[in-house]
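Enquirer: Sharing model17.cif, mmCIF, C-alpha atoms and all ligand atoms:
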data_model
#
loop_
_atom_site.label_atom_id
_atom_site.label_comp_id
_atom_site.auth_asym_id
_atom_site.auth_seq_id
_atom_site.Cartn_x
_atom_site.Cartn_y
_atom_site.Cartn_z
CA MET A 1 129.77 -111.93 -68.01
CA LEU A 2 127.25 -113.05 -70.58
CA VAL A 3 128.17 -113.79 -74.20
CA VAL A 4 125.05 -113.39 -76.37
CA MET A 5 125.23 -115.32 -79.65
CA LYS A 6 123.71 -114.09 -82.93
CA MET A 7 120.32 -115.54 -83.90
CA ASP A 8 121.88 -117.48 -86.78
CA ALA A 9 124.95 -118.66 -84.86
CA SER A 10 125.79 -122.23 -85.81
CA PRO A 11 126.27 -125.03 -83.23
CA GLU A 12 129.97 -125.01 -84.24
CA GLU A 13 130.26 -121.29 -83.44
CA ILE A 14 128.59 -121.84 -80.06
CA GLU A 15 130.93 -124.74 -79.38
CA GLY A 16 133.86 -122.55 -80.47
CA VAL A 17 132.96 -119.90 -77.89
CA VAL A 18 132.51 -122.54 -75.17
CA SER A 19 135.94 -124.04 -75.89
CA TYR A 20 137.53 -120.61 -76.02
CA ILE A 21 136.07 -119.75 -72.59
CA GLU A 22 137.23 -123.08 -71.16
CA SER A 23 140.71 -122.57 -72.60
CA HIS A 24 140.95 -119.53 -70.28
CA ASP A 25 140.25 -121.72 -67.23
CA LEU A 26 136.74 -120.32 -66.98
CA LYS A 27 133.44 -122.14 -66.88
CA ALA A 28 131.00 -121.76 -69.79
CA ASN A 29 127.31 -122.16 -68.98
CA ALA A 30 125.29 -122.30 -72.21
CA ILE A 31 121.74 -120.95 -71.80
CA PRO A 32 119.74 -121.88 -74.94
CA GLY A 33 116.84 -119.47 -75.59
CA SER A 34 113.90 -119.62 -77.99
CA GLU A 35 115.65 -117.19 -80.37
CA ARG A 36 119.31 -117.27 -79.46
CA THR A 37 121.81 -118.83 -77.13
CA ALA A 38 123.63 -116.95 -74.38
CA ILE A 39 126.70 -118.31 -72.63
CA GLY A 40 127.32 -117.29 -69.02
CA ILE A 41 130.94 -117.14 -67.87
CA THR A 42 131.71 -118.02 -64.26
CA GLY A 43 134.71 -119.08 -62.26
CA ASN A 44 136.67 -115.88 -62.78
CA ILE A 45 138.72 -114.53 -59.88
CA GLY A 46 139.35 -111.08 -61.32
CA VAL A 47 137.77 -109.07 -64.09
CA VAL A 48 137.41 -110.84 -67.44
CA GLU A 49 138.19 -108.69 -70.48
CA LYS A 50 135.04 -108.26 -72.60
CA GLY A 51 137.16 -107.79 -75.68
CA LEU A 52 138.42 -111.38 -75.49
CA PHE A 53 135.04 -112.68 -76.65
CA GLU A 54 133.56 -109.84 -78.68
CA SER A 55 135.22 -110.71 -81.95
CA LEU A 56 134.67 -114.47 -81.89
CA PRO A 57 132.54 -115.85 -84.79
CA GLY A 58 128.81 -115.86 -84.06
CA VAL A 59 128.98 -113.47 -81.08
CA LEU A 60 126.42 -110.64 -81.03
CA GLU A 61 127.44 -108.87 -77.83
CA VAL A 62 129.10 -109.35 -74.49
CA ILE A 63 127.33 -108.06 -71.39
CA GLN A 64 129.14 -107.37 -68.13
CA VAL A 65 126.84 -108.65 -65.39
CA SER A 66 129.11 -108.64 -62.37
CA HIS A 67 130.85 -105.49 -61.12
CA PRO A 68 134.42 -104.75 -62.13
CA TYR A 69 135.34 -104.16 -58.47
CA LYS A 70 135.64 -106.94 -55.96
CA LEU A 71 137.31 -106.17 -52.62
CA VAL A 72 135.24 -103.02 -52.04
CA SER A 73 131.92 -104.69 -52.82
CA ARG A 74 129.29 -106.06 -50.49
CA GLU A 75 129.19 -109.20 -52.61
CA PHE A 76 132.70 -109.85 -51.35
CA LYS A 77 132.13 -108.58 -47.79
CA PRO A 78 128.47 -108.08 -46.81
CA ASP A 79 129.11 -106.40 -43.45
CA ALA A 80 129.98 -102.73 -43.21
CA THR A 81 133.64 -101.95 -42.59
CA VAL A 82 134.09 -100.06 -39.34
CA ILE A 83 137.23 -97.99 -38.89
CA GLU A 84 138.18 -96.73 -35.46
CA VAL A 85 139.92 -93.37 -35.17
CA GLY A 86 139.90 -90.96 -32.26
CA GLY A 87 137.32 -92.93 -30.32
CA VAL A 88 134.86 -92.86 -33.24
CA ARG A 89 133.82 -96.00 -35.03
CA ILE A 90 133.30 -94.80 -38.63
CA GLY A 91 130.92 -96.96 -40.61
CA GLY A 92 128.83 -97.98 -37.58
CA PRO A 93 126.11 -95.88 -35.93
CA ASP A 94 128.60 -93.09 -35.11
CA LEU A 95 128.79 -89.93 -37.19
CA LEU A 96 132.36 -88.77 -37.68
CA ILE A 97 132.92 -85.02 -37.77
CA ILE A 98 136.18 -83.73 -39.24
CA ALA A 99 136.76 -79.99 -39.11
CA GLY A 100 139.55 -77.48 -39.44
CA PRO A 101 141.13 -75.02 -41.81
CA CYS A 102 141.71 -75.69 -45.50
CA SER A 103 145.44 -75.07 -45.00
CA VAL A 104 147.77 -75.17 -42.06
CA GLU A 105 149.01 -71.56 -42.07
CA SER A 106 150.82 -71.32 -38.74
CA TYR A 107 150.93 -73.05 -35.35
CA GLU A 108 148.81 -70.31 -33.75
CA GLN A 109 146.14 -70.37 -36.48
CA THR A 110 145.89 -74.17 -36.42
CA LEU A 111 145.74 -74.38 -32.63
CA ARG A 112 143.10 -71.62 -32.37
CA ILE A 113 140.86 -73.30 -34.92
CA ALA A 114 141.48 -76.75 -33.42
CA ASN A 115 140.37 -75.45 -30.02
CA HIS A 116 137.20 -73.98 -31.53
CA VAL A 117 136.18 -77.10 -33.44
CA GLN A 118 137.11 -79.42 -30.59
CA SER A 119 134.99 -77.55 -28.07
CA ALA A 120 132.09 -77.67 -30.53
CA GLY A 121 132.49 -81.47 -30.75
CA ALA A 122 134.63 -82.25 -33.83
CA HIS A 123 136.42 -85.59 -33.60
CA LEU A 124 139.26 -85.04 -36.02
CA LEU A 125 141.25 -82.01 -37.09
CA ARG A 126 141.79 -81.40 -40.80
CA GLY A 127 144.38 -79.10 -42.35
CA GLY A 128 146.43 -79.28 -45.53
CA ALA A 129 150.21 -79.12 -45.28
CA PHE A 130 150.66 -79.99 -48.96
CA LYS A 131 148.01 -78.18 -51.00
CA PRO A 132 146.81 -79.08 -54.49
CA ARG A 133 146.25 -75.62 -55.98
CA THR A 134 144.84 -74.78 -59.39
CA SER A 135 147.41 -72.03 -59.85
CA PRO A 136 151.15 -72.54 -59.30
CA TYR A 137 151.22 -68.98 -57.89
CA SER A 138 148.76 -69.75 -55.07
CA PHE A 139 149.89 -70.78 -51.58
CA GLN A 140 151.17 -74.35 -51.89
CA GLY A 141 151.13 -75.22 -48.19
CA LEU A 142 153.85 -75.24 -45.53
CA GLY A 143 154.95 -78.77 -46.40
CA VAL A 144 156.79 -80.70 -43.68
CA GLU A 145 156.58 -77.66 -41.39
CA GLY A 146 152.80 -77.95 -41.70
CA LEU A 147 152.97 -81.62 -40.70
CA GLU A 148 155.01 -80.67 -37.64
CA ILE A 149 152.44 -78.05 -36.71
CA LEU A 150 149.65 -80.60 -36.98
CA ALA A 151 151.58 -82.99 -34.75
CA ARG A 152 152.14 -80.26 -32.14
CA VAL A 153 148.47 -79.32 -32.20
CA ARG A 154 147.53 -82.97 -31.79
CA THR A 155 149.77 -83.20 -28.73
CA GLU A 156 148.21 -80.02 -27.37
CA THR A 157 144.57 -80.97 -27.98
CA GLY A 158 144.55 -84.76 -28.22
CA MET A 159 142.72 -84.52 -31.56
CA PRO A 160 143.81 -86.96 -34.29
CA VAL A 161 144.65 -85.28 -37.59
CA VAL A 162 143.88 -85.88 -41.25
CA THR A 163 146.02 -84.31 -43.94
CA GLU A 164 146.63 -84.79 -47.64
CA ALA A 165 149.47 -86.70 -49.29
CA LEU A 166 149.91 -84.91 -52.57
CA ASP A 167 152.31 -87.32 -54.24
CA ILE A 168 154.45 -90.42 -53.77
CA ASP A 169 157.43 -88.32 -52.69
CA VAL A 170 155.65 -87.21 -49.52
CA ILE A 171 153.22 -89.99 -48.66
CA ASP A 172 155.54 -91.78 -46.23
CA LYS A 173 156.29 -88.52 -44.46
CA VAL A 174 152.58 -87.70 -44.28
CA ALA A 175 151.80 -91.18 -42.92
CA GLU A 176 154.43 -90.64 -40.21
CA TYR A 177 152.53 -87.62 -38.89
CA ALA A 178 148.89 -88.15 -39.85
CA ASP A 179 146.29 -90.37 -38.21
CA ILE A 180 144.43 -90.52 -41.52
CA VAL A 181 146.09 -89.94 -44.89
CA GLN A 182 143.94 -88.00 -47.36
CA ILE A 183 144.06 -88.60 -51.09
CA GLY A 184 142.55 -85.56 -52.77
CA ALA A 185 140.02 -85.34 -55.58
CA ARG A 186 142.67 -84.43 -58.15
CA ASN A 187 144.62 -87.56 -57.27
CA MET A 188 141.75 -90.03 -57.25
CA GLN A 189 143.07 -91.60 -60.42
CA ASN A 190 146.76 -91.36 -59.55
CA TYR A 191 147.17 -95.10 -59.46
CA THR A 192 150.78 -95.07 -58.30
CA LEU A 193 149.78 -92.91 -55.33
CA LEU A 194 146.74 -95.10 -54.61
CA ARG A 195 148.94 -98.19 -54.46
CA ARG A 196 151.31 -96.43 -52.10
CA ALA A 197 148.33 -95.37 -49.97
CA GLY A 198 147.47 -99.05 -49.79
CA ARG A 199 150.84 -99.68 -48.15
CA CYS A 200 151.08 -96.55 -45.98
CA GLY A 201 149.93 -98.23 -42.78
CA ARG A 202 147.24 -95.63 -42.02
CA PRO A 203 143.53 -95.36 -42.73
CA VAL A 204 142.99 -93.47 -45.98
CA LEU A 205 140.39 -90.80 -46.71
CA LEU A 206 139.79 -91.06 -50.45
CA LYS A 207 138.01 -88.13 -52.06
CA ARG A 208 135.94 -88.61 -55.19
CA GLY A 209 137.42 -87.06 -58.30
CA MET A 210 135.43 -84.11 -59.55
CA ASN A 211 134.54 -85.92 -62.77
CA ALA A 212 134.61 -89.50 -61.53
CA THR A 213 131.74 -91.93 -61.86
CA ILE A 214 130.87 -94.13 -58.88
CA THR A 215 132.48 -97.09 -60.66
CA GLU A 216 135.73 -95.15 -61.10
CA PHE A 217 135.55 -93.99 -57.48
CA LEU A 218 135.13 -97.53 -56.20
CA LEU A 219 137.86 -98.84 -58.48
CA ALA A 220 140.20 -96.20 -57.06
CA ALA A 221 139.40 -97.55 -53.58
CA GLU A 222 139.94 -101.06 -54.94
CA TYR A 223 143.58 -100.12 -55.68
CA ILE A 224 144.10 -99.30 -52.00
CA LEU A 225 142.39 -102.45 -50.71
CA ASP A 226 144.27 -104.52 -53.25
CA GLN A 227 147.51 -103.52 -51.51
CA GLY A 228 146.23 -104.87 -48.21
CA ASN A 229 144.77 -101.71 -46.67
CA GLU A 230 141.06 -102.19 -45.88
CA GLN A 231 140.84 -98.97 -43.91
CA VAL A 232 139.40 -96.70 -46.56
CA ILE A 233 136.88 -93.94 -45.90
CA LEU A 234 135.29 -92.60 -49.06
CA CYS A 235 134.40 -88.92 -49.36
CA GLU A 236 131.87 -87.33 -51.71
CA ARG A 237 133.10 -83.76 -52.22
CA GLY A 238 131.05 -82.54 -55.16
CA ILE A 239 131.39 -83.11 -58.87
CA ARG A 240 131.59 -80.75 -61.85
CA THR A 241 128.24 -80.08 -63.47
CA PHE A 242 126.83 -77.25 -65.61
CA THR A 243 125.76 -75.23 -62.58
CA GLU A 244 127.36 -71.91 -61.81
CA HIS A 245 125.73 -71.21 -58.47
CA THR A 246 128.10 -73.46 -56.53
CA ARG A 247 131.75 -74.48 -56.93
CA ASN A 248 130.70 -78.11 -57.49
CA THR A 249 127.50 -80.11 -57.12
CA LEU A 250 127.30 -82.27 -54.01
CA ASP A 251 126.16 -85.60 -55.42
CA LEU A 252 123.95 -86.65 -52.53
CA SER A 253 122.72 -89.75 -54.33
CA ALA A 254 126.29 -91.04 -54.37
CA VAL A 255 125.94 -91.77 -50.65
CA PRO A 256 123.12 -94.34 -50.75
CA THR A 257 124.46 -95.68 -54.06
CA VAL A 258 127.90 -96.37 -52.62
CA LYS A 259 126.43 -97.78 -49.41
CA LYS A 260 124.41 -100.27 -51.38
CA ILE A 261 127.35 -101.48 -53.46
CA SER A 262 130.19 -101.17 -50.98
CA HIS A 263 130.93 -102.03 -47.36
CA LEU A 264 133.22 -98.99 -47.03
CA PRO A 265 132.12 -95.95 -45.02
CA ILE A 266 131.40 -92.75 -46.93
CA ILE A 267 131.40 -89.21 -45.59
CA ALA A 268 130.55 -85.91 -47.31
CA ASP A 269 132.54 -82.70 -47.71
CA PRO A 270 129.98 -79.94 -48.24
CA SER A 271 132.67 -77.21 -48.11
CA HIS A 272 134.46 -78.09 -51.34
CA ALA A 273 131.10 -78.92 -52.92
CA ALA A 274 129.48 -75.57 -52.15
CA GLY A 275 132.44 -73.23 -52.27
CA GLN A 276 130.38 -70.72 -50.26
CA ARG A 277 129.88 -70.81 -46.52
CA ASP A 278 126.14 -70.06 -46.53
CA LYS A 279 125.44 -73.39 -48.25
CA VAL A 280 127.60 -75.57 -46.04
CA ILE A 281 125.10 -76.04 -43.20
CA PRO A 282 122.12 -76.95 -45.43
CA LEU A 283 124.24 -79.39 -47.45
CA SER A 284 125.63 -80.94 -44.27
CA ARG A 285 122.12 -81.60 -43.03
CA ALA A 286 121.22 -83.16 -46.36
CA ALA A 287 124.31 -85.40 -46.34
CA VAL A 288 123.50 -86.74 -42.89
CA ALA A 289 119.90 -87.24 -43.94
CA VAL A 290 120.89 -89.41 -46.92
CA GLY A 291 123.04 -91.63 -44.73
CA ALA A 292 126.57 -90.23 -44.83
CA ASP A 293 128.80 -91.68 -42.10
CA GLY A 294 130.19 -88.27 -41.31
CA LEU A 295 131.19 -84.84 -42.54
CA MET A 296 134.38 -83.00 -43.34
CA VAL A 297 133.96 -79.25 -42.97
CA GLU A 298 136.35 -76.34 -43.37
CA VAL A 299 136.39 -73.83 -40.51
CA HIS A 300 138.41 -70.62 -40.15
CA ASP A 301 138.24 -67.90 -37.53
CA LYS A 302 139.60 -65.26 -39.94
CA PRO A 303 138.34 -66.42 -43.32
CA GLU A 304 138.98 -63.04 -44.94
CA THR A 305 142.73 -63.54 -44.47
CA ALA A 306 142.80 -67.32 -45.03
CA LEU A 307 145.51 -68.48 -47.43
CA SER A 308 143.07 -70.83 -49.20
CA ASP A 309 139.33 -71.44 -49.48
CA GLY A 310 138.31 -68.65 -47.09
CA SER A 311 134.95 -68.14 -48.80
CA GLN A 312 133.77 -71.64 -47.98
CA ALA A 313 135.04 -71.76 -44.39
CA LEU A 314 132.45 -71.71 -41.63
CA LEU A 315 133.10 -69.29 -38.77
CA PRO A 316 133.59 -71.05 -35.42
CA GLU A 317 130.13 -70.00 -34.22
CA GLN A 318 128.58 -71.34 -37.43
CA PHE A 319 130.37 -74.64 -36.89
CA GLU A 320 128.93 -74.78 -33.37
CA GLU A 321 125.47 -74.17 -34.81
CA LEU A 322 126.06 -76.95 -37.35
CA MET A 323 127.06 -79.39 -34.60
CA GLY A 324 123.85 -78.60 -32.71
CA GLU A 325 121.80 -79.31 -35.82
CA ILE A 326 123.69 -82.52 -36.61
CA ARG A 327 123.10 -83.82 -33.10
CA LEU A 328 119.36 -83.26 -33.52
CA LEU A 329 119.33 -84.85 -36.95
CA ALA A 330 121.42 -87.82 -35.86
CA ALA A 331 118.63 -89.00 -33.59
CA VAL A 332 116.17 -88.87 -36.49
CA VAL A 333 118.35 -91.04 -38.72
CA ASP A 334 119.32 -93.44 -35.94
CA ARG A 335 122.87 -92.23 -35.65
CA GLU A 336 124.97 -90.88 -32.81
CA VAL A 337 127.49 -88.11 -32.53
CA PRO A 338 130.00 -89.47 -30.00
CA ASN A 339 131.74 -87.09 -27.64
CA ALA A 340 134.99 -85.76 -29.02
CA VAL A 341 138.34 -86.41 -27.39
CA GLY A 342 138.92 -83.73 -24.79
CA SER A 343 135.65 -81.86 -25.36
C1 LIG B 401 140.99 -80.57 -49.28
O1 LIG B 401 140.17 -81.26 -48.64
O2 LIG B 401 141.85 -79.90 -48.73
C2 LIG B 401 140.94 -80.57 -50.75
C3 LIG B 401 141.91 -80.03 -51.47
O3 LIG B 401 139.85 -81.13 -51.24
P1 LIG B 401 139.58 -81.79 -52.71
O4 LIG B 401 140.69 -82.74 -52.96
O5 LIG B 401 138.25 -82.45 -52.52
O6 LIG B 401 139.53 -80.64 -53.67
MN MN B 402 140.04 -76.43 -49.15
#
So, in terms of structure tokens, how does the structure I just supplied come out?
Ligand code: PEP
Ligand code: MN
Expert:
Amino acid sequence: MLVVMKMDASPEEIEGVVSYIESHDLKANAIPGSERTAIGITGNIGVVEKGLFESLPGVLEVIQVSHPYKLVSREFKPDATVIEVGGVRIGGPDLLIIAGPCSVESYEQTLRIANHVQSAGAHLLRGGAFKPRTSPYSFQGLGVEGLEILARVRTETGMPVVTEALDIDVIDKVAEYADIVQIGARNMQNYTLLRRAGRCGRPVLLKRGMNATITEFLLAAEYILDQGNEQVILCERGIRTFTEHTRNTLDLSAVPTVKKISHLPIIADPSHAAGQRDKVIPLSRAAVAVGADGLMVEVHDKPETALSDGSQALLPEQFEELMGEIRLLAAVVDREVPNAVGS
């Protein structure tokens, strides 16, 4: 943090700011300039409130120079965090592929789709048991029955599962069944839930809110790390823009931006970004090309009867085609697609 003094600030005002900083157990480093003096503040453990200094006599402005996040940043931990799930080391050279239906609809539907995506090479099975739906009249998910189905399908196929914890009432239950607990876009700023995710004992897949800046996204992850859980996988899933040709806009530049600032792995979800299946393969290619550590893709064998998000679900044969393309691309970007469990 840098406190910039007004041009006509008196020595007493400068001294006043220095003493005020020091009274907060911080170090004041005065930097006299040809026109004005700036005072750098160091020694802070957490974030220092700008407002503390803004109204002091002689102060022109206060500039935040260090990031508001800490635990998620590369300044704090320069090496990439690698999270191991289902034989894949996410955040290293491996590309993690998560696939499955939007919602768990029945045991048969989930098992059929799991078999398809597993034989094509997916590492993890996705499927919502608790669904965040825009309308209260839409299918809300099978709840605990859905979790039980996922667990049965995992036993059958050997595929680890990722599923969403919609609120604090269900997160412990979800963590009992899931290999990775998902926090959805609509909950990215549900701070109570984020804290609980930090204590759930499972890796967390944190989706970016549809109107969240990168700073807000990383601060949401910071909540989870702050509770002692370092195993956070970020997920860019598209943000709201003025466009009407897709459901959301996949913010591809978020991937290299996050990778530069943070040591956490980041994957992309082109399904919720596009909203239409014909755009999922091109966006997946683009996400891998910009350095995403993996993909999360919705797949359904009967999308016309799917209980949610049928229009964005790839057909099993399209998912197979996607996997072929990702394997080719991986070599170009120095990544690997490890073999899936049981495939
Ligand atoms: C999902 O992945 O099932 C989902 C609801 O996604 P999002 O939170 O990104 O909308
Ligand atoms: Mn969905």
Enquirer: Rank nothing, just name the residue among A:Ala99, A:Met159, A:Val144, A:Ile90 nearest to ligand MN 402 (chain B), using all atoms listed in the file.
Expert: A:Ala99
Enquirer: Between CA of Gln182 (chain A) and CA of His123 (chain A), what distance in Å does the model show, to one decimal?
Expert: 15.9 Å
Enquirer: List as a compact mmCIF listing (two decimals) with C-alpha atoms, keeping the file's coordinate frame the protein and nucleic acid residues lying within 8 Å of ligand MN 402 (chain B), with all atoms listed in the file counted.
Expert:
# COMPACT_ATOMS: atom_id res chain seq x y z
CA PRO A 101 141.13 -75.02 -41.81
CA CYS A 102 141.71 -75.69 -45.50
CA SER A 103 145.44 -75.07 -45.00
CA GLY A 128 146.43 -79.28 -45.53
CA SER A 271 132.67 -77.21 -48.11
CA HIS A 272 134.46 -78.09 -51.34
CA GLU A 298 136.35 -76.34 -43.37
CA SER A 308 143.07 -70.83 -49.20
CA ASP A 309 139.33 -71.44 -49.48
CA GLN A 312 133.77 -71.64 -47.98
Enquirer: Using all atoms listed in the file, which protein or nucleic acid residues come within 12 Å of region 189-201 of chain A? Drop anything in the same chain fewer than 6 positions from it, and give the result as an NGL selection string.
Expert: :A and (164-183 or 207-213 or 215-232)
Enquirer: Just the residues within 9 Å of Asp8 (chain A), please, counting only C-alpha atoms, with nothing from its chain fewer than 5 positions along; format it as a VMD selection string.
Expert: chain A and resid 35 to 36 58
Enquirer: Identify which of the residues A:Val288, A:Ala185, A:Ile21, A:Ile31 lies closest to Ile239 (chain A), counting only C-alpha atoms when measuring atom-to-atom distances.
Expert: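 Among A:Val288, A:Ala185, A:Ile21, A:Ile31, it is A:Ala185 that comes nearest to Ile239 (chain A).
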Enquirer: Please measure the separation of CA of Asp269 (chain A) and CA of His300 (chain A), giving the value in Å to one decimal.
Expert: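 For CA of Asp269 (chain A) relative to CA of His300 (chain A), the distance reads 15.4 Å.
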Enquirer: Can you work out the spacing between CA of Arg247 (chain A) and CA of Lys131 (chain A) in Å, to one decimal?
Expert: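 Here the two named atoms are 17.7 Å from each other.
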Enquirer: Need the shell around Gly121 (chain A): protein/DNA/RNA residues with any atom at most 12 Å away, counting only C-alpha atoms. Skip same-chain ones fewer than 5 positions apart. Format as a PyMOL selection string?
Expert: chain A and resi 88+95-100+114-116+159+316+319-324+326-327+337-343
Enquirer: Could you name the residues that touch Glu54 (chain A) at 12 Å or less, counting all atoms listed in the file, but leaving out those on the same chain fewer than 5 positions away, as a PDB file with C-alpha atoms, keeping the file's coordinate frame?
Expert:
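Output saved as around.pdb:
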ATOM      1  CA  MET A   1     129.770-111.930 -68.010  1.00  0.00           C
ATOM      2  CA  LEU A   2     127.250-113.050 -70.580  1.00  0.00           C
ATOM      3  CA  VAL A   3     128.170-113.790 -74.200  1.00  0.00           C
ATOM      4  CA  VAL A   4     125.050-113.390 -76.370  1.00  0.00           C
ATOM      5  CA  MET A   5     125.230-115.320 -79.650  1.00  0.00           C
ATOM      6  CA  LYS A   6     123.710-114.090 -82.930  1.00  0.00           C
ATOM      7  CA  VAL A  17     132.960-119.900 -77.890  1.00  0.00           C
ATOM      8  CA  TYR A  20     137.530-120.610 -76.020  1.00  0.00           C
ATOM      9  CA  ILE A  21     136.070-119.750 -72.590  1.00  0.00           C
ATOM     10  CA  VAL A  48     137.410-110.840 -67.440  1.00  0.00           C
ATOM     11  CA  GLU A  49     138.190-108.690 -70.480  1.00  0.00           C
ATOM     12  CA  VAL A  59     128.980-113.470 -81.080  1.00  0.00           C
ATOM     13  CA  LEU A  60     126.420-110.640 -81.030  1.00  0.00           C
ATOM     14  CA  GLU A  61     127.440-108.870 -77.830  1.00  0.00           C
ATOM     15  CA  VAL A  62     129.100-109.350 -74.490  1.00  0.00           C
ATOM     16  CA  ILE A  63     127.330-108.060 -71.390  1.00  0.00           C
ATOM     17  CA  GLN A  64     129.140-107.370 -68.130  1.00  0.00           C
TER      18      GLN A  64
END
Enquirer: If you count only C-alpha atoms, which residues fall within 7 Å of Leu283 (chain A), apart from same-chain ones fewer than 4 positions away, as a PyMOL selection string?
Expert: chain A and resi 270+279+287
Enquirer: Can you work out which one of A:Arg126, A:Gly92, A:Ile261, A:Glu244 has the shortest atom-to-atom distance to Ala151 (chain A), counting all atoms listed in the file?
Expert: A:Arg126
Enquirer: Which residue gives the smallest distance to ligand LIG 401 (chain B) among A:Pro32, A:Gly40, A:Pro78, A:Gly141, with all atoms listed in the file counted?
Expert: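 Ranked by minimum distance to ligand LIG 401 (chain B), first place goes to A:Gly141.
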Enquirer: Could you check the closest approach to ligand LIG 401 (chain B) for each of A:Ser284, A:Thr155, A:Gln318, A:Gln140 and tell me which residue wins, using only C-alpha atoms and all ligand atoms?
Expert: A:Gln140
Enquirer: My list of candidates is A:Arg335, A:Arg277, A:Arg112, A:Arg133. Which is closest to ligand LIG 401 (chain B) when distances are computed with all atoms listed in the file?
Expert: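 Residue with the minimum atom-to-atom distance to ligand LIG 401 (chain B): A:Arg133.
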Enquirer: Hey, can you pull every residue with an atom no more than 10 Å from (120.1, -83.9, -50.5), using only C-alpha atoms, and send it as a PDB file with C-alpha atoms, keeping the file's coordinate frame?
Expert:
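Done, and the output landed in part.pdb:
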ATOM      1  CA  LEU A 250     127.300 -82.270 -54.010  1.00  0.00           C
ATOM      2  CA  ASP A 251     126.160 -85.600 -55.420  1.00  0.00           C
ATOM      3  CA  LEU A 252     123.950 -86.650 -52.530  1.00  0.00           C
ATOM      4  CA  SER A 253     122.720 -89.750 -54.330  1.00  0.00           C
ATOM      5  CA  VAL A 255     125.940 -91.770 -50.650  1.00  0.00           C
ATOM      6  CA  PRO A 282     122.120 -76.950 -45.430  1.00  0.00           C
ATOM      7  CA  LEU A 283     124.240 -79.390 -47.450  1.00  0.00           C
ATOM      8  CA  SER A 284     125.630 -80.940 -44.270  1.00  0.00           C
ATOM      9  CA  ARG A 285     122.120 -81.600 -43.030  1.00  0.00           C
ATOM     10  CA  ALA A 286     121.220 -83.160 -46.360  1.00  0.00           C
ATOM     11  CA  ALA A 287     124.310 -85.400 -46.340  1.00  0.00           C
ATOM     12  CA  VAL A 288     123.500 -86.740 -42.890  1.00  0.00           C
ATOM     13  CA  ALA A 289     119.900 -87.240 -43.940  1.00  0.00           C
ATOM     14  CA  VAL A 290     120.890 -89.410 -46.920  1.00  0.00           C
TER      15      VAL A 290
END
Enquirer: What are the centre and edge lengths in Å, to one decimal, of the axis-aligned box around all listed atoms of ligand LIG 401 (chain B) with 6 Å added on each side, as JSON?
Expert:
{"center_x": 140.1, "center_y": -81.3, "center_z": -51.2, "size_x": 15.7, "size_y": 14.8, "size_z": 17.0}
Enquirer: How would region 255-267 of chain A look with N, CA and C atoms restored, written as a short mmCIF file (atom, residue, chain, number, x, y, z; two decimals), in the frame of the given file?
Expert:
data_model
loop_
_atom_site.label_atom_id
_atom_site.label_comp_id
_atom_site.auth_asym_id
_atom_site.auth_seq_id
_atom_site.Cartn_x
_atom_site.Cartn_y
_atom_site.Cartn_z
N VAL A 255 125.82 -91.15 -51.99
CA VAL A 255 125.94 -91.77 -50.65
C VAL A 255 125.15 -93.08 -50.57
N PRO A 256 123.82 -93.06 -50.80
CA PRO A 256 123.12 -94.34 -50.75
C PRO A 256 123.56 -95.32 -51.84
N THR A 257 124.00 -94.79 -52.98
CA THR A 257 124.46 -95.68 -54.06
C THR A 257 125.71 -96.45 -53.61
N VAL A 258 126.67 -95.72 -53.07
CA VAL A 258 127.90 -96.37 -52.62
C VAL A 258 127.60 -97.34 -51.48
N LYS A 259 126.72 -96.92 -50.57
CA LYS A 259 126.43 -97.78 -49.41
C LYS A 259 125.80 -99.11 -49.83
N LYS A 260 125.05 -99.05 -50.90
CA LYS A 260 124.41 -100.27 -51.38
C LYS A 260 125.45 -101.22 -52.01
N ILE A 261 126.37 -100.64 -52.75
CA ILE A 261 127.35 -101.48 -53.46
C ILE A 261 128.51 -101.89 -52.56
N SER A 262 128.93 -100.96 -51.70
CA SER A 262 130.19 -101.17 -50.98
C SER A 262 130.02 -101.23 -49.47
N HIS A 263 130.93 -101.93 -48.82
CA HIS A 263 130.93 -102.03 -47.36
C HIS A 263 131.73 -100.89 -46.74
N LEU A 264 132.37 -100.06 -47.57
CA LEU A 264 133.22 -98.99 -47.03
C LEU A 264 132.39 -97.81 -46.53
N PRO A 265 132.83 -97.15 -45.47
CA PRO A 265 132.12 -95.95 -45.02
C PRO A 265 132.28 -94.80 -46.01
N ILE A 266 131.30 -93.93 -46.06
CA ILE A 266 131.40 -92.75 -46.93
C ILE A 266 130.93 -91.51 -46.18
N ILE A 267 131.76 -90.48 -46.22
CA ILE A 267 131.40 -89.21 -45.59
C ILE A 267 131.21 -88.16 -46.70
#
